[in-house]
Amino acid sequence: MSTDRAETAARLRELLETEGDSVKANTAVFNRGRYDSVAELDDYEELKDRAREIKEDAIERLPELIDELTESVEENGGHVYLASDAAAANRYIEEVCLEAGAETLVKSKSMTSEEIEVNDHLEQAGIDVTETDLAEFVLQIANEEPSHIVAPAIHKSREEIARLIETVFDPDDPPETAEELTMFAREHLLEKVKAADVGMTGANFLVAESGTMMLVTSEGNARKSAVAPDTHVALAGVEKIVPRFEDLAPFVELIGRSGTGQDLTSYVSLLTPPVESPAVDFDSPDVPGFGGSDAEREFHLVLLDNGRMAMREDSDLQETLYCIRCAACSNTCANFQHVGGHAFGGETYSGGIATGWEAGVHGLDSAAEFNDLCTGCSRCVPACPVKIDIPWINEVVRDRINHGTGGEFDFLVDGLVPDAEEGGPDLQKRLFGNYGTLARLGSATAPVSNWVGSLPPARLAMERLFGVDRRRPLPKFQRETLVDWFEGRGGPRVSAVDAEREAVFYADAYTNYVDVGRGKATVRTLEALGVHVRVPAVPESGRAPLSQGMLATADEAASAVYGTLAEHVDSGRDIVVVEPSDLAMFRSDYEHLLPERSFDRLAENSYEILEYVYGLLENGAGEERLRAGQDRVAYHSHCQQRTLGLEGYTEAVLERLGYDVLTSEVECCGMAGSFGYKRQYYDLAVDVGHDLVDQFERPGERDRVVLTSGTSCTDQLDDLMAREPIHPIELIAPE
Amino acid sequence: MATTHTMGAFERSLAALDVGFSRTDPDGFEAALSDTITEPAVGARLGFEGLALPESVTLDPSPRELEEAVTGVTAASFAVAEYGSLILPSTPDGSEIVSVFCDHHVAVLAESDLVLDVPTAFARLSEEVGEARASAIVATGPSATADMGELVRGAHGPKTVDVLLVEGL
Ligand code: SF4
């Protein structure tokens with residue numbers, strides 16, 4: 001296990017160096033484009049809701065839609081083959097080619113064709129296959145795999161492509177600029193299109209009622225591939241079917257914006273094959289009417305199951321089938337931006353949702369290769385046009401991987417940790433998954449625990465056994481917990497009778513045992529604003545085990561937390577939370593872990609601290625009781641806080657009190673709970689963290705007080721910057 | 001007839017896409033088209049009453065003529081103002097082929113065929129493509145790729161596109 005970690009670390013370091021720069025530059029363009037282009041849509045949220053509804057309904061009715069589509073395509077004069085797996089699909093496509101007497105086939109980009117590896121299969125059958133999408137063409141001559149589901153050669157720079165073309169084709173005048181490279185490829189590929197006997201495409205959507213397929217492209221190669229040869233084979237997963245033609249409308253507006261940040265891609269083909277355009281017979285170059293071919297057009301639709309119908313029956317993986325493969329979840333992901341799909345991907349698919357696809361079509365082993373790179377930061381969730389809970393799918397699959405592989409040293413850990421996992425997760429995951437218990441022990445034995453924990457032999461042992469990277473400073477546990485301090489001071493200082501509101505402040509494990517300061521500041525602020533505050537001991541939220549894929553433990557934690565807080569909620573008390581990752585549990589993840597009514601009650605009554613302060617101020621609480629100031633501050637909002645749409649409250653409160661606020665633009669600080677502690681991910685986490693540091697270290701910004709709302713972001717910036725970050729509540733709390 | 005609002009939106013969208021735009025009427029059509037095309041040119045029948053392509057545009061081209069042509073002239077079924085998108089139908093005389101194989105595409109659009117937004121466009125597509133079980137391309141700007149390191153126009157399809165709007169049609 002310890003050597004595995006070293007290997008993973010080395011592989012990630014290599015990709016950071018070789019492919020990271022290109023991936024980062026390109027995904028940054030897509031990501032910015034997405035923010036800009038969805039901002040122009042007045043009805044973005046409604047379009048997403050509509051898209052989601054259509055997909056839910058379609059997957060629900062999939063068997064009948066497959067029949068309806070088959071009928072439509074056959075009525076139109078085409079053929080449909082439902083392939084149970086990759087081998088069946090390949091066999092059928094090969095037969096179609098052989099019957100057409102085909103020697104050559106041109107293809108447009110299709111991830112589904114990568115999934116079945118049709119190129120290898122056809123090549124073995126003696127058919128010459130050419131990828132005509134420029135990026136796929138580059139990969140085909142480089143003999144590499146896609147690193148992104150929409151822009152498959154995103155990891156390659158222009159210089160690398162130029163060198164590759166020079167080596168492979170040895171042209172007299174080697175193309176250099178992007179323009180020259182494109183024209184070189186265009187000409188080379190036109191000859192292939194002209195010679196092709198069969199054209200093969202994917203399909204982004206298939207309409208059951210009419211047999212129409214929708215293809216979303218930009219280059220025009222898919223148009224040529226579908227129309228020039230007289231035989232057209234389209235390969236698509238069964239999940240691509242939608243019932244009606246008009247169901248395509250929201251997707252047309254969403255898919256380009258979500259993926260590459262274009263309002264619409266250059267070409268949206270709406271083909272109801274066989275198409276009416278004549279085939280072009282380039283073998284009769286001088287015969288008018290496009291060569292005068294009188295061959296009947298042939299159309300074959302290959303619908304691929306390959307695990308999809310089983311995913312449909314799997315309540316956790318089912319959502320994956322709503323995916324329209326736009327790649328927004330790759331582009332938004334900080335880890336993906338730094339290492340790309342060659343690390344953050346399995347056999348075929350890459351990015352956040354790839355865990356679902358790989359688990360469904362190739363199996364858990366393929367998902368296990370990269371699943372841990374999803375840190376659950378959740379920045380992909382608001383970007384997904386069909387509103388898939390991508391982190392949840394990652395956590396569920398992680399749990400399955402944990403329990404499928406069998407843990408090591410179970411006898412040792414089972415006795416030490418209170419989790420509900422039988423066998424399963426490896427030591428590293430169990431260590432971090434039980435953070436709450438560790439923090440309690442650490443605090444009870446502080447400061448000795450801090451001294452011992454920082455000694456080189458202890459760090460070495462922790463690295464070997466648990467994979468805790470030696471370079472990462474450990475949290476410093478406080479002997480006096482927040483709950484003890486609160487009791488020690490005599491409990492609430494604003495009596496319930498005098499108070500406008502009553503609140504329960506949730507003392508999360510970090511605030512209670514490590515960053516007690518932000519907890520005290522919270523209590524002081526709330527009391528200054530006339531709130532009756534209680535700080536009861538409440539169990540850990542379950543965030544730590546959930547992030548390690550320890551679902552049973554997280555589930556128990558959710559019940560325990562709800563058991564403790566329900567009475568307060570019933571008594572009309574507000575639940576105030578300072579740690580965004582715990583608030584995200586209450587407001588979103590508990591949806592999977594608690595009964596619906598319990599989830600709703602807790603979610604509706606929980607508030608992020610600055611959101612709560614904002615509400616109090618809006619309702620007339622005395623703003624003069626808080627610490628105002630003209631300080632210049634640099635604020636980084638926790639990823640999950642932003643996904644909940646809550647960063648704006650902090651900015652508003654700070655600005656109201658007179659502060660000059662600069663807000664970070666990065667998706668995530670890179671630390672993501674335990675991720676940045678893990679030996680295999682330390683370098684990546686630091687690399688990601690530097691994006692944020694660079695922004696706050698720009699000339700003219702170095703005097704700003706650094707504010708962070710999450711534990712992870714605080715630790716990460718504390719480790720990477722000279723300025724020590726504080727929570728915004730510590731800035732505004734009265735003395 | 002398109003409202004000023006729709007027309008304004010269309011012109012802005014086309015400008016943002018670097019698509020050329022000019023207007024004419026049936027009488028001035030031939031002259032306006034000649035100004036727009038670069039020979040050799042090929043084309044597909046427009047299907048608008050009283051509007052024919054000039055001699056300089058070869059209809060039903062051979063594969064060689066198709067390949068050697070600089071400009072391809074075809075009719076757009078209709079256009080979507082907010083996006084600057086052209087709906088290019090698949091027809092037996094090769095309209096779609098002409099619109100994708102040539103370096104320069106000139107789309108002829110009747111003024112009455114300009115609609116404002118995607119919902120309106122989809123209502124029409126539902127009929128003309130879905131119900132009719134026909135095929136069409138929604139083309140927005142020239143063909144493009146960023147696969148070679150930066151944005152390049154004219155990947156496999158046209159490098160430049162011009163829209164010629166015919167008023168009063
Ligand atoms: S999961 Fe959502 S964001 Fe990711 S590729 Fe699929 S549709 Fe796009």
# chains A, B, ... in the order shown; residues from 1 in each chain; ligands from 1
>>> residues_near_ligand(ligand="ligand 1", cutoff="6 Å", atoms="only C-alpha atoms and all ligand atoms", output="count of residues only")
13
>>> select_by_dssp(residues="chain B", states="alpha helix (DSSP H)", output="number ranges by chain")
B: 4-16, 29-36, 63-68, 95-101, 118-125
>>> residues_around(residues="Val152 (chain B)", least_positions_apart="3", cutoff="9 Å", atoms="only C-alpha atoms", output="list in words")
Ala178, Glu179 and Thr182 of chain A; Ser143, Ala144, Thr145, Ala146, Asp147, Met148, Gly149, Ala155 and Lys159 of chain B
>>> write_last_selection(atoms="C-alpha atoms", output="JSON list (two decimals), in the first residue's frame")
[["chain", "number", "residue", "atom", "x", "y", "z"],
["A", 178, "ALA", "CA", -2.42, 26.48, -35.43],
["A", 179, "GLU", "CA", -3.79, 27.67, -38.78],
["A", 182, "THR", "CA", -5.39, 22.78, -39.14],
["B", 143, "SER", "CA", -16.59, 25.79, -38.98],
["B", 144, "ALA", "CA", -14.11, 26.05, -36.15],
["B", 145, "THR", "CA", -11.62, 24.12, -34.07],
["B", 146, "ALA", "CA", -9.38, 24.81, -31.14],
["B", 147, "ASP", "CA", -7.73, 21.40, -31.38],
["B", 148, "MET", "CA", -4.46, 22.69, -32.79],
["B", 149, "GLY", "CA", -3.66, 25.01, -29.93],
["B", 155, "ALA", "CA", -11.57, 23.16, -39.79],
["B", 159, "LYS", "CA", -13.81, 29.21, -43.38]]
>>> closest_atom_pairs(of="chain B", to="chain A", cutoff="7 Å", atoms="only C-alpha atoms", output="CSV")
residue,atom,partner,partner_atom,distance
B:Asp60,CA,A:Gly289,CA,4.3
B:Pro61,CA,A:Pro288,CA,5.0
B:Ser62,CA,A:Pro288,CA,3.9
B:Pro63,CA,A:Pro285,CA,4.8
B:Arg64,CA,A:Pro285,CA,5.1
B:Ser90,CA,A:Ser277,CA,5.4
B:Thr91,CA,A:Ser277,CA,5.0
B:Pro92,CA,A:Ser277,CA,4.8
B:Asp93,CA,A:Ser277,CA,6.6
B:Gly94,CA,A:Ser277,CA,5.0
B:Glu96,CA,A:Ser277,CA,6.8
B:Val100,CA,A:Gly220,CA,6.9
B:Phe122,CA,A:Ala249,CA,6.4
B:Ser126,CA,A:Phe245,CA,6.0
B:Gly130,CA,A:Ser210,CA,5.7
B:Glu131,CA,A:Ser210,CA,6.8
B:Arg133,CA,A:Thr272,CA,5.7
B:Ala134,CA,A:Thr272,CA,5.5
B:Ser135,CA,A:Leu271,CA,4.4
B:Ala136,CA,A:Leu270,CA,5.3
B:Ile137,CA,A:Ser269,CA,4.4
B:Val138,CA,A:Val268,CA,5.0
B:Ala139,CA,A:Tyr267,CA,4.7
B:Thr140,CA,A:Ser266,CA,4.6
B:Gly141,CA,A:Ser266,CA,5.8
B:Pro142,CA,A:Ser266,CA,6.6
B:Ser143,CA,A:Glu219,CA,5.0
B:Ala144,CA,A:Glu219,CA,5.1
B:Thr145,CA,A:Glu219,CA,5.8
B:Asp147,CA,A:Ala135,CA,5.3
B:Met148,CA,A:Ala178,CA,5.1
B:Gly149,CA,A:Arg158,CA,4.6
B:Glu150,CA,A:Ala178,CA,6.1
B:Val152,CA,A:Glu179,CA,5.8
B:Ala155,CA,A:Glu219,CA,5.0
B:His156,CA,A:Gly220,CA,5.1
B:Gly157,CA,A:Gly220,CA,4.9
>>> residues_around(residues="region 455-467 of chain A", least_positions_apart="2", cutoff="10 Å", atoms="only C-alpha atoms", output="list in words")
Met1, Ser2, Thr3, Arg5, Ala6, Asp426, Leu427, Gln428, Lys429, Arg430, Leu431, Phe432, Asn450, Trp451, Val452, Gly453, Asp469, Arg470, Arg471, Arg472, Pro473, Leu474, Tyr677, Lys678, Arg679, Gln680 and Tyr681 of chain A
>>> write_last_selection(atoms="N, CA and C atoms", output="PDB file, in the first residue's frame")
ATOM      1  N   MET A   1       0.832  -1.207   0.000  1.00  0.00           N
ATOM      2  CA  MET A   1       0.000   0.000   0.000  1.00  0.00           C
ATOM      3  C   MET A   1       0.863   1.251   0.000  1.00  0.00           C
ATOM      4  N   SER A   2       1.929   1.192   0.810  1.00  0.00           N
ATOM      5  CA  SER A   2       2.792   2.360   0.880  1.00  0.00           C
ATOM      6  C   SER A   2       3.546   2.566  -0.440  1.00  0.00           C
ATOM      7  N   THR A   3       3.924   1.453  -1.140  1.00  0.00           N
ATOM      8  CA  THR A   3       4.575   1.625  -2.444  1.00  0.00           C
ATOM      9  C   THR A   3       3.558   2.070  -3.483  1.00  0.00           C
ATOM     10  N   ARG A   5       1.200   4.042  -2.973  1.00  0.00           N
ATOM     11  CA  ARG A   5       1.049   5.490  -2.797  1.00  0.00           C
ATOM     12  C   ARG A   5       2.200   6.234  -3.437  1.00  0.00           C
ATOM     13  N   ALA A   6       3.385   5.704  -3.276  1.00  0.00           N
ATOM     14  CA  ALA A   6       4.543   6.359  -3.873  1.00  0.00           C
ATOM     15  C   ALA A   6       4.413   6.355  -5.390  1.00  0.00           C
ATOM     16  N   ASP A 426      -9.193   0.989   3.393  1.00  0.00           N
ATOM     17  CA  ASP A 426      -7.820   0.814   3.841  1.00  0.00           C
ATOM     18  C   ASP A 426      -7.553   1.719   5.043  1.00  0.00           C
ATOM     19  N   LEU A 427      -6.387   1.517   5.636  1.00  0.00           N
ATOM     20  CA  LEU A 427      -6.045   2.243   6.854  1.00  0.00           C
ATOM     21  C   LEU A 427      -6.092   3.748   6.696  1.00  0.00           C
ATOM     22  N   GLN A 428      -5.596   4.208   5.557  1.00  0.00           N
ATOM     23  CA  GLN A 428      -5.555   5.654   5.352  1.00  0.00           C
ATOM     24  C   GLN A 428      -6.973   6.233   5.388  1.00  0.00           C
ATOM     25  N   LYS A 429      -7.874   5.567   4.692  1.00  0.00           N
ATOM     26  CA  LYS A 429      -9.249   6.072   4.657  1.00  0.00           C
ATOM     27  C   LYS A 429      -9.886   6.005   6.040  1.00  0.00           C
ATOM     28  N   ARG A 430      -9.597   4.930   6.760  1.00  0.00           N
ATOM     29  CA  ARG A 430     -10.215   4.808   8.082  1.00  0.00           C
ATOM     30  C   ARG A 430      -9.647   5.837   9.049  1.00  0.00           C
ATOM     31  N   LEU A 431      -8.376   6.142   8.886  1.00  0.00           N
ATOM     32  CA  LEU A 431      -7.794   7.170   9.750  1.00  0.00           C
ATOM     33  C   LEU A 431      -8.534   8.496   9.544  1.00  0.00           C
ATOM     34  N   PHE A 432      -8.626   8.914   8.278  1.00  0.00           N
ATOM     35  CA  PHE A 432      -9.242  10.210   8.017  1.00  0.00           C
ATOM     36  C   PHE A 432     -10.750  10.174   8.208  1.00  0.00           C
ATOM     37  N   ASN A 450       0.323  16.899  20.459  1.00  0.00           N
ATOM     38  CA  ASN A 450       0.895  17.766  19.420  1.00  0.00           C
ATOM     39  C   ASN A 450       2.407  17.587  19.327  1.00  0.00           C
ATOM     40  N   TRP A 451       3.078  17.471  20.532  1.00  0.00           N
ATOM     41  CA  TRP A 451       4.532  17.279  20.520  1.00  0.00           C
ATOM     42  C   TRP A 451       4.880  15.959  19.861  1.00  0.00           C
ATOM     43  N   VAL A 452       4.208  14.898  20.332  1.00  0.00           N
ATOM     44  CA  VAL A 452       4.531  13.570  19.796  1.00  0.00           C
ATOM     45  C   VAL A 452       4.240  13.532  18.307  1.00  0.00           C
ATOM     46  N   GLY A 453       3.091  14.082  17.967  1.00  0.00           N
ATOM     47  CA  GLY A 453       2.666  14.053  16.565  1.00  0.00           C
ATOM     48  C   GLY A 453       3.637  14.763  15.645  1.00  0.00           C
ATOM     49  N   ASP A 469       1.288  12.536   4.574  1.00  0.00           N
ATOM     50  CA  ASP A 469       2.525  13.113   4.067  1.00  0.00           C
ATOM     51  C   ASP A 469       3.269  13.879   5.153  1.00  0.00           C
ATOM     52  N   ARG A 470       4.577  13.592   5.279  1.00  0.00           N
ATOM     53  CA  ARG A 470       5.403  14.200   6.328  1.00  0.00           C
ATOM     54  C   ARG A 470       5.508  15.714   6.208  1.00  0.00           C
ATOM     55  N   ARG A 471       5.352  16.185   4.951  1.00  0.00           N
ATOM     56  CA  ARG A 471       5.566  17.623   4.738  1.00  0.00           C
ATOM     57  C   ARG A 471       4.383  18.468   5.216  1.00  0.00           C
ATOM     58  N   ARG A 472       3.255  17.842   5.430  1.00  0.00           N
ATOM     59  CA  ARG A 472       2.062  18.610   5.775  1.00  0.00           C
ATOM     60  C   ARG A 472       1.964  18.781   7.293  1.00  0.00           C
ATOM     61  N   PRO A 473       1.962  20.027   7.797  1.00  0.00           N
ATOM     62  CA  PRO A 473       1.806  20.219   9.246  1.00  0.00           C
ATOM     63  C   PRO A 473       0.472  19.642   9.732  1.00  0.00           C
ATOM     64  N   LEU A 474       0.479  19.086  10.918  1.00  0.00           N
ATOM     65  CA  LEU A 474      -0.756  18.501  11.459  1.00  0.00           C
ATOM     66  C   LEU A 474      -1.523  19.556  12.244  1.00  0.00           C
ATOM     67  N   TYR A 677      -3.505  15.962   2.859  1.00  0.00           N
ATOM     68  CA  TYR A 677      -2.631  15.281   3.828  1.00  0.00           C
ATOM     69  C   TYR A 677      -2.068  13.981   3.263  1.00  0.00           C
ATOM     70  N   LYS A 678      -2.761  13.470   2.240  1.00  0.00           N
ATOM     71  CA  LYS A 678      -2.405  12.128   1.775  1.00  0.00           C
ATOM     72  C   LYS A 678      -1.129  12.160   0.956  1.00  0.00           C
ATOM     73  N   ARG A 679      -0.281  11.224   1.251  1.00  0.00           N
ATOM     74  CA  ARG A 679       1.028  11.215   0.630  1.00  0.00           C
ATOM     75  C   ARG A 679       0.919  11.205  -0.889  1.00  0.00           C
ATOM     76  N   GLN A 680       0.000  10.386  -1.427  1.00  0.00           N
ATOM     77  CA  GLN A 680      -0.064  10.248  -2.886  1.00  0.00           C
ATOM     78  C   GLN A 680      -0.608  11.505  -3.561  1.00  0.00           C
ATOM     79  N   TYR A 681      -1.261  12.374  -2.786  1.00  0.00           N
ATOM     80  CA  TYR A 681      -1.884  13.557  -3.408  1.00  0.00           C
ATOM     81  C   TYR A 681      -1.292  14.885  -2.952  1.00  0.00           C
TER      82      TYR A 681
END
>>> closest_residue(among="A:Phe675, A:Phe336, A:Tyr649, A:Phe169", to="Tyr614 (chain A)", atoms="only C-alpha atoms")
A:Tyr649
>>> closest_residue(among="A:Gly345, A:Gly356, A:Pro580, A:Gly629", to="Ser315 (chain A)", atoms="only C-alpha atoms")
A:Gly356
>>> atom_distance(atom1="CA of Gly352 (chain A)", atom2="CA of Thr332 (chain A)")
9.3 Å
>>> residues_around(residues="region 9-18 of chain B", least_positions_apart="2", cutoff="7 Å", atoms="only C-alpha atoms", output="list in words")
His5, Thr6, Met7, Gly20, Ala81, Glu82, Tyr83, Gly84 and Gly141 of chain B
>>> write_last_selection(atoms="N, CA and C atoms", output="mmCIF file, in the first residue's frame")
data_model
loop_
_atom_site.group_PDB
_atom_site.id
_atom_site.type_symbol
_atom_site.label_atom_id
_atom_site.label_comp_id
_atom_site.auth_asym_id
_atom_site.auth_seq_id
_atom_site.Cartn_x
_atom_site.Cartn_y
_atom_site.Cartn_z
ATOM 1 N N HIS B 5 -36.395 44.757 -33.964
ATOM 2 C CA HIS B 5 -35.708 44.109 -32.844
ATOM 3 C C HIS B 5 -35.049 42.811 -33.300
ATOM 4 N N THR B 6 -35.812 41.996 -34.011
ATOM 5 C CA THR B 6 -35.277 40.716 -34.485
ATOM 6 C C THR B 6 -34.129 40.946 -35.455
ATOM 7 N N MET B 7 -34.325 41.868 -36.358
ATOM 8 C CA MET B 7 -33.279 42.142 -37.345
ATOM 9 C C MET B 7 -32.008 42.639 -36.654
ATOM 10 N N GLY B 20 -20.491 37.523 -42.603
ATOM 11 C CA GLY B 20 -20.845 38.694 -43.394
ATOM 12 C C GLY B 20 -22.359 38.786 -43.578
ATOM 13 N N ALA B 81 -32.410 34.632 -35.012
ATOM 14 C CA ALA B 81 -31.743 35.917 -34.815
ATOM 15 C C ALA B 81 -30.839 35.936 -33.586
ATOM 16 N N GLU B 82 -31.335 35.451 -32.459
ATOM 17 C CA GLU B 82 -30.563 35.566 -31.218
ATOM 18 C C GLU B 82 -29.219 34.854 -31.260
ATOM 19 N N TYR B 83 -29.120 33.850 -32.080
ATOM 20 C CA TYR B 83 -27.867 33.097 -32.164
ATOM 21 C C TYR B 83 -27.130 33.297 -33.484
ATOM 22 N N GLY B 84 -27.777 33.904 -34.454
ATOM 23 C CA GLY B 84 -27.164 34.027 -35.777
ATOM 24 C C GLY B 84 -27.060 32.679 -36.471
ATOM 25 N N GLY B 141 -22.183 30.286 -37.502
ATOM 26 C CA GLY B 141 -20.825 30.747 -37.805
ATOM 27 C C GLY B 141 -20.084 29.754 -38.675
#
>>> residues_around(residues="region 34-48 of chain B", least_positions_apart="4", cutoff="10 Å", atoms="only C-alpha atoms", output="PyMOL selection string")
chain B and resi 20-22+26+29-30+52-62+65-77+91-99+102+104-110+162-164+169
>>> atom_distance(atom1="CA of His636 (chain A)", atom2="CA of Ser664 (chain A)")
5.1 Å
